[in-house]
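The structure appears below as structure tokens.
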Amino acid sequence: MLSTQSAETVRATLPAVGSAIGEITPLFYEKMFAAHPELLRDLFNRGNQSNGSQRQALAGSIATFATYLVEHPDERPDAMLERIAHKHASLGVRADQYPIVREHLFAAIAEVLGEAVTEEVAAAWDEVYWLMANALIALEKRLYEEAGTPDGDVWREYRVTGRFQETDDVATFVVQPMDGGPLPASRPGQYVSVQVELPDGAHQIRQYSLSGQPDGGLQFSVKRVTGDAAGSPAGEVSNHLHDHVHGGEVLRLSAPFGDVVLDEGDRPLLFASAGIGCTPMIGMLSRLAADGATRRIVSVHADRSPSTHAFRAELRQLTGKLADATAEVWYEQTGAAGADDEGAGGPVTVHEGRIDLSRIEVPAGVVAYLCGPVPFMKAARGQLLAAGVPAADIHYEVFGPDLGL
């Protein structure tokens, strides 16, 4: 809980800090990486630093947390904190790294806001920072203990025992522990971090959803990120995996983490995905099929065409195995629906054009899961809300920094 005096100061200065956060965050990262270049080389995603998305996510989380403290003094934004903690745990973030962030963040605030940062203002925002940091440290400590890595060393070496090309730009990798020990516990919908060494010596990390349940191993799927004309860089790790990992190589993986996991009850389920967002959904469907689930399940997926649809055959097979499951697939490519003879009729219905959840029957009491590009998830969430699904029952997974829906 924020002290009364600090709450008044934060409330008064929040507009000024909020309006300057776009200047503060890049300066903060510049200062921190100058003092600790190993953090950019081996921990932070260089692509997200380049395109600015990590800066936006940091700014948004700080502003959201501070606003929540002053507007709801007896509560805290647990959902946001839980999501951040899972991301941090998958990277092996340590408690002793929080003072480093605090030092350079406050140096950036002081430089941007100048004389406006009085001792009182600095003390109030320091209180905000440590309330958020200590909450995350406690959550991450719990996650490390649950994963059997109380010291925060979540990394383990795995050998690549299989690779499957799902589409031209999506590959699935199957890995097994090098030490011969048991697989880590995981829940459907979670992800692992994968660390690779790049030609310049950097050890970059990316998260990939678990996309199935092979015997004796873990399975994750990777889409090649090629970059675009708008300036988004090509994916360093995804291209490395596609170009250099074919079987027999050793990769470092974290324990599985992620707060968007399959509901274990008997309520109806709706999975809505687009593009590579299908990976956690296929992981959930695999578990449901293996368990012989009888609950009502609706899968909805959007893709450019049948040829770009990863796990297209698996979607049909898993849907057919489940007692009360159907799937609706939308392809944008002209004529795709008519050409898709494998996907027409039966438990999978194929449509042409852009996905439209208002055209499907949403079961009463449904728990919904969304994964895909943020514009897609915004539209899908809006359509589900319009259909009467409570916001609390709509869960989403974001690949990369969470900029919010």
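Each chain in the structure tokens gets a letter, A, B, ..., in the order shown, and its residues are numbered from 1; ligands are numbered from 1 in order too.
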Identify all residues of range 119-296 of chain A in strand (DSSP E or B) (DSSP on the backbone) and supply them as a short mmCIF file (atom, residue, chain, number, x, y, z; two decimals) with N, CA and C atoms, in the first residue's frame.
```cif
data_model
loop_
_atom_site.label_atom_id
_atom_site.label_comp_id
_atom_site.auth_asym_id
_atom_site.auth_seq_id
_atom_site.Cartn_x
_atom_site.Cartn_y
_atom_site.Cartn_z
N ARG A 156 18.58 -25.26 -18.47
CA ARG A 156 18.94 -26.67 -18.55
C ARG A 156 19.26 -26.98 -20.01
N GLU A 157 20.20 -27.86 -20.25
CA GLU A 157 20.58 -28.20 -21.61
C GLU A 157 19.72 -29.34 -22.16
N TYR A 158 19.29 -29.18 -23.40
CA TYR A 158 18.46 -30.18 -24.09
C TYR A 158 19.09 -30.46 -25.46
N ARG A 159 18.98 -31.72 -25.88
CA ARG A 159 19.42 -32.08 -27.23
C ARG A 159 18.20 -32.10 -28.16
N VAL A 160 18.39 -31.54 -29.35
CA VAL A 160 17.32 -31.54 -30.36
C VAL A 160 17.23 -32.93 -30.96
N THR A 161 16.10 -33.59 -30.74
CA THR A 161 15.92 -34.97 -31.23
C THR A 161 14.99 -35.04 -32.44
N GLY A 162 14.40 -33.92 -32.80
CA GLY A 162 13.52 -33.93 -33.96
C GLY A 162 13.20 -32.53 -34.44
N ARG A 163 13.01 -32.38 -35.72
CA ARG A 163 12.58 -31.11 -36.31
C ARG A 163 11.56 -31.44 -37.39
N PHE A 164 10.45 -30.69 -37.39
CA PHE A 164 9.38 -30.91 -38.36
C PHE A 164 9.01 -29.57 -38.99
N GLN A 165 8.98 -29.53 -40.30
CA GLN A 165 8.64 -28.30 -41.00
C GLN A 165 7.13 -28.24 -41.16
N GLU A 166 6.48 -27.36 -40.38
CA GLU A 166 5.01 -27.26 -40.43
C GLU A 166 4.55 -26.52 -41.68
N THR A 167 5.21 -25.40 -41.97
CA THR A 167 4.97 -24.61 -43.19
C THR A 167 6.32 -24.09 -43.65
N VAL A 170 7.43 -22.00 -40.54
CA VAL A 170 7.20 -22.48 -39.17
C VAL A 170 7.82 -23.87 -39.02
N ALA A 171 8.68 -24.01 -38.02
CA ALA A 171 9.31 -25.30 -37.73
C ALA A 171 9.05 -25.67 -36.27
N THR A 172 8.85 -26.96 -36.05
CA THR A 172 8.67 -27.50 -34.70
C THR A 172 9.93 -28.26 -34.29
N PHE A 173 10.38 -28.02 -33.06
CA PHE A 173 11.58 -28.67 -32.54
C PHE A 173 11.19 -29.52 -31.33
N VAL A 174 11.68 -30.75 -31.29
CA VAL A 174 11.48 -31.64 -30.15
C VAL A 174 12.83 -31.79 -29.46
N VAL A 175 12.84 -31.62 -28.14
CA VAL A 175 14.10 -31.67 -27.38
C VAL A 175 13.94 -32.58 -26.18
N GLN A 176 15.07 -33.17 -25.75
CA GLN A 176 15.10 -34.03 -24.56
C GLN A 176 16.24 -33.60 -23.66
N PRO A 177 16.06 -33.72 -22.33
CA PRO A 177 17.11 -33.27 -21.39
C PRO A 177 18.42 -34.02 -21.61
N TYR A 191 4.97 -21.56 -22.01
CA TYR A 191 6.05 -21.39 -22.96
C TYR A 191 7.38 -21.69 -22.28
N VAL A 192 8.42 -21.87 -23.08
CA VAL A 192 9.79 -21.97 -22.58
C VAL A 192 10.61 -20.86 -23.22
N SER A 193 11.65 -20.44 -22.52
CA SER A 193 12.64 -19.55 -23.13
C SER A 193 13.72 -20.42 -23.76
N VAL A 194 14.17 -20.01 -24.93
CA VAL A 194 15.24 -20.71 -25.64
C VAL A 194 16.40 -19.72 -25.80
N GLN A 195 17.59 -20.13 -25.36
CA GLN A 195 18.76 -19.26 -25.45
C GLN A 195 19.73 -19.83 -26.49
N VAL A 196 20.18 -19.00 -27.42
CA VAL A 196 21.14 -19.43 -28.42
C VAL A 196 22.32 -18.47 -28.43
N GLU A 197 23.46 -18.99 -28.83
CA GLU A 197 24.64 -18.14 -29.01
C GLU A 197 24.72 -17.73 -30.47
N HIS A 203 24.27 -14.03 -26.28
CA HIS A 203 23.38 -15.14 -25.92
C HIS A 203 21.97 -14.57 -25.83
N GLN A 204 21.25 -14.60 -26.93
CA GLN A 204 19.92 -14.02 -26.98
C GLN A 204 18.85 -15.05 -26.61
N ILE A 205 17.76 -14.55 -26.02
CA ILE A 205 16.70 -15.40 -25.47
C ILE A 205 15.36 -15.00 -26.10
N ARG A 206 14.57 -16.00 -26.46
CA ARG A 206 13.20 -15.76 -26.91
C ARG A 206 12.28 -16.81 -26.28
N GLN A 207 11.01 -16.46 -26.13
CA GLN A 207 10.02 -17.39 -25.60
C GLN A 207 9.21 -18.02 -26.74
N TYR A 208 8.97 -19.33 -26.62
CA TYR A 208 8.16 -20.05 -27.60
C TYR A 208 7.18 -20.97 -26.88
N SER A 209 5.94 -20.97 -27.33
CA SER A 209 4.90 -21.78 -26.70
C SER A 209 5.16 -23.27 -26.90
N LEU A 210 4.83 -24.05 -25.87
CA LEU A 210 4.84 -25.50 -26.01
C LEU A 210 3.66 -25.88 -26.90
N LEU A 218 10.13 -32.19 -24.82
CA LEU A 218 9.35 -30.97 -24.94
C LEU A 218 9.29 -30.58 -26.41
N GLN A 219 8.21 -29.93 -26.81
CA GLN A 219 8.03 -29.53 -28.19
C GLN A 219 7.65 -28.06 -28.24
N PHE A 220 8.38 -27.29 -29.04
CA PHE A 220 8.03 -25.89 -29.24
C PHE A 220 8.15 -25.57 -30.72
N SER A 221 7.40 -24.56 -31.16
CA SER A 221 7.34 -24.23 -32.59
C SER A 221 7.75 -22.78 -32.79
N VAL A 222 8.46 -22.53 -33.89
CA VAL A 222 9.08 -21.23 -34.14
C VAL A 222 8.73 -20.75 -35.54
N LYS A 223 8.23 -19.52 -35.61
CA LYS A 223 8.02 -18.89 -36.91
C LYS A 223 9.22 -18.01 -37.25
N VAL A 250 22.61 -28.89 -29.26
CA VAL A 250 22.25 -28.68 -27.86
C VAL A 250 21.76 -27.25 -27.68
N LEU A 251 20.58 -27.11 -27.06
CA LEU A 251 20.00 -25.80 -26.76
C LEU A 251 19.80 -25.65 -25.26
N ARG A 252 19.85 -24.43 -24.80
CA ARG A 252 19.53 -24.15 -23.40
C ARG A 252 18.08 -23.68 -23.33
N LEU A 253 17.27 -24.35 -22.51
CA LEU A 253 15.87 -24.00 -22.33
C LEU A 253 15.61 -23.70 -20.87
N PHE A 257 7.03 -21.65 -18.17
CA PHE A 257 6.32 -20.64 -17.40
C PHE A 257 5.18 -20.11 -18.26
N LEU A 269 -15.06 -24.17 -23.73
CA LEU A 269 -13.83 -23.47 -24.08
C LEU A 269 -13.93 -22.92 -25.50
N LEU A 270 -13.33 -21.74 -25.69
CA LEU A 270 -13.22 -21.17 -27.03
C LEU A 270 -11.77 -20.74 -27.24
N PHE A 271 -11.14 -21.26 -28.30
CA PHE A 271 -9.78 -20.89 -28.65
C PHE A 271 -9.83 -20.07 -29.93
N ALA A 272 -9.31 -18.85 -29.89
CA ALA A 272 -9.29 -18.00 -31.08
C ALA A 272 -7.85 -17.59 -31.35
N SER A 273 -7.34 -17.92 -32.53
CA SER A 273 -5.94 -17.65 -32.84
C SER A 273 -5.80 -17.15 -34.26
N ALA A 274 -4.65 -16.55 -34.51
CA ALA A 274 -4.31 -16.11 -35.86
C ALA A 274 -2.83 -16.37 -36.09
#
```
All alpha helix (DSSP H) positions in range 82-142 of chain A, as a count of residues only: 50
Option closest in space to Thr4 in chain A, from A:Val374, A:Ala16, A:Leu131, A:Val70 [counting only C-alpha atoms]: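 Using only C-alpha atoms, the shortest distance to Thr4 in chain A belongs to A:Val70.
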Exercise: range 345-354 of chain A partners within 7 Å, only C-alpha atoms, chain neighbours under 3 positions left out, as a list of chain:residue names: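 Selected residues are A:Arg316, A:Thr319, A:Gly320, A:Thr326, A:Ala327, A:Glu328, A:Val329, A:Trp330, A:Tyr331, A:Glu332, A:Ala336, A:Ala337.
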Can you write out the residues you just picked, keeping N, CA and C atoms, as a compact mmCIF listing (two decimals), in the first residue's frame?
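Output contents, as saved in selection_22.txt:
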```
# COMPACT_ATOMS: atom_id res chain seq x y z
N ARG A 316 -7.52 -30.57 -37.34
CA ARG A 316 -8.60 -31.47 -37.76
C ARG A 316 -8.57 -32.76 -36.96
N THR A 319 -9.58 -32.12 -33.23
CA THR A 319 -11.00 -31.80 -33.15
C THR A 319 -11.85 -33.05 -33.33
N GLY A 320 -11.44 -33.92 -34.26
CA GLY A 320 -12.17 -35.16 -34.49
C GLY A 320 -12.11 -36.13 -33.32
N THR A 326 -15.72 -28.51 -32.28
CA THR A 326 -15.81 -28.08 -33.67
C THR A 326 -14.74 -27.01 -33.88
N ALA A 327 -14.43 -26.75 -35.15
CA ALA A 327 -13.45 -25.73 -35.48
C ALA A 327 -13.94 -24.92 -36.67
N GLU A 328 -13.64 -23.63 -36.63
CA GLU A 328 -13.98 -22.71 -37.71
C GLU A 328 -12.69 -22.03 -38.15
N VAL A 329 -12.36 -22.11 -39.44
CA VAL A 329 -11.12 -21.56 -39.95
C VAL A 329 -11.42 -20.55 -41.05
N TRP A 330 -10.76 -19.39 -40.97
CA TRP A 330 -10.89 -18.35 -41.99
C TRP A 330 -9.57 -18.19 -42.72
N TYR A 331 -9.62 -18.20 -44.08
CA TYR A 331 -8.44 -17.92 -44.90
C TYR A 331 -8.69 -16.67 -45.72
N GLU A 332 -7.72 -15.76 -45.73
CA GLU A 332 -7.88 -14.51 -46.47
C GLU A 332 -7.71 -14.69 -47.97
N ALA A 336 -9.39 -19.67 -51.29
CA ALA A 336 -8.79 -20.65 -50.38
C ALA A 336 -9.81 -21.61 -49.84
N ALA A 337 -11.01 -21.14 -49.53
CA ALA A 337 -12.01 -22.02 -48.94
C ALA A 337 -12.39 -23.14 -49.89
```
Ranking A:Leu58, A:Val93, A:Arg287, A:Gly216 by minimum distance to Gly181 in chain A and counting only C-alpha atoms, which one comes first?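 Selected residue with least distance to Gly181 in chain A: A:Gly216.
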CA of Asp243 in chain A to CA of Asp169 in chain A measures 11.0 Å
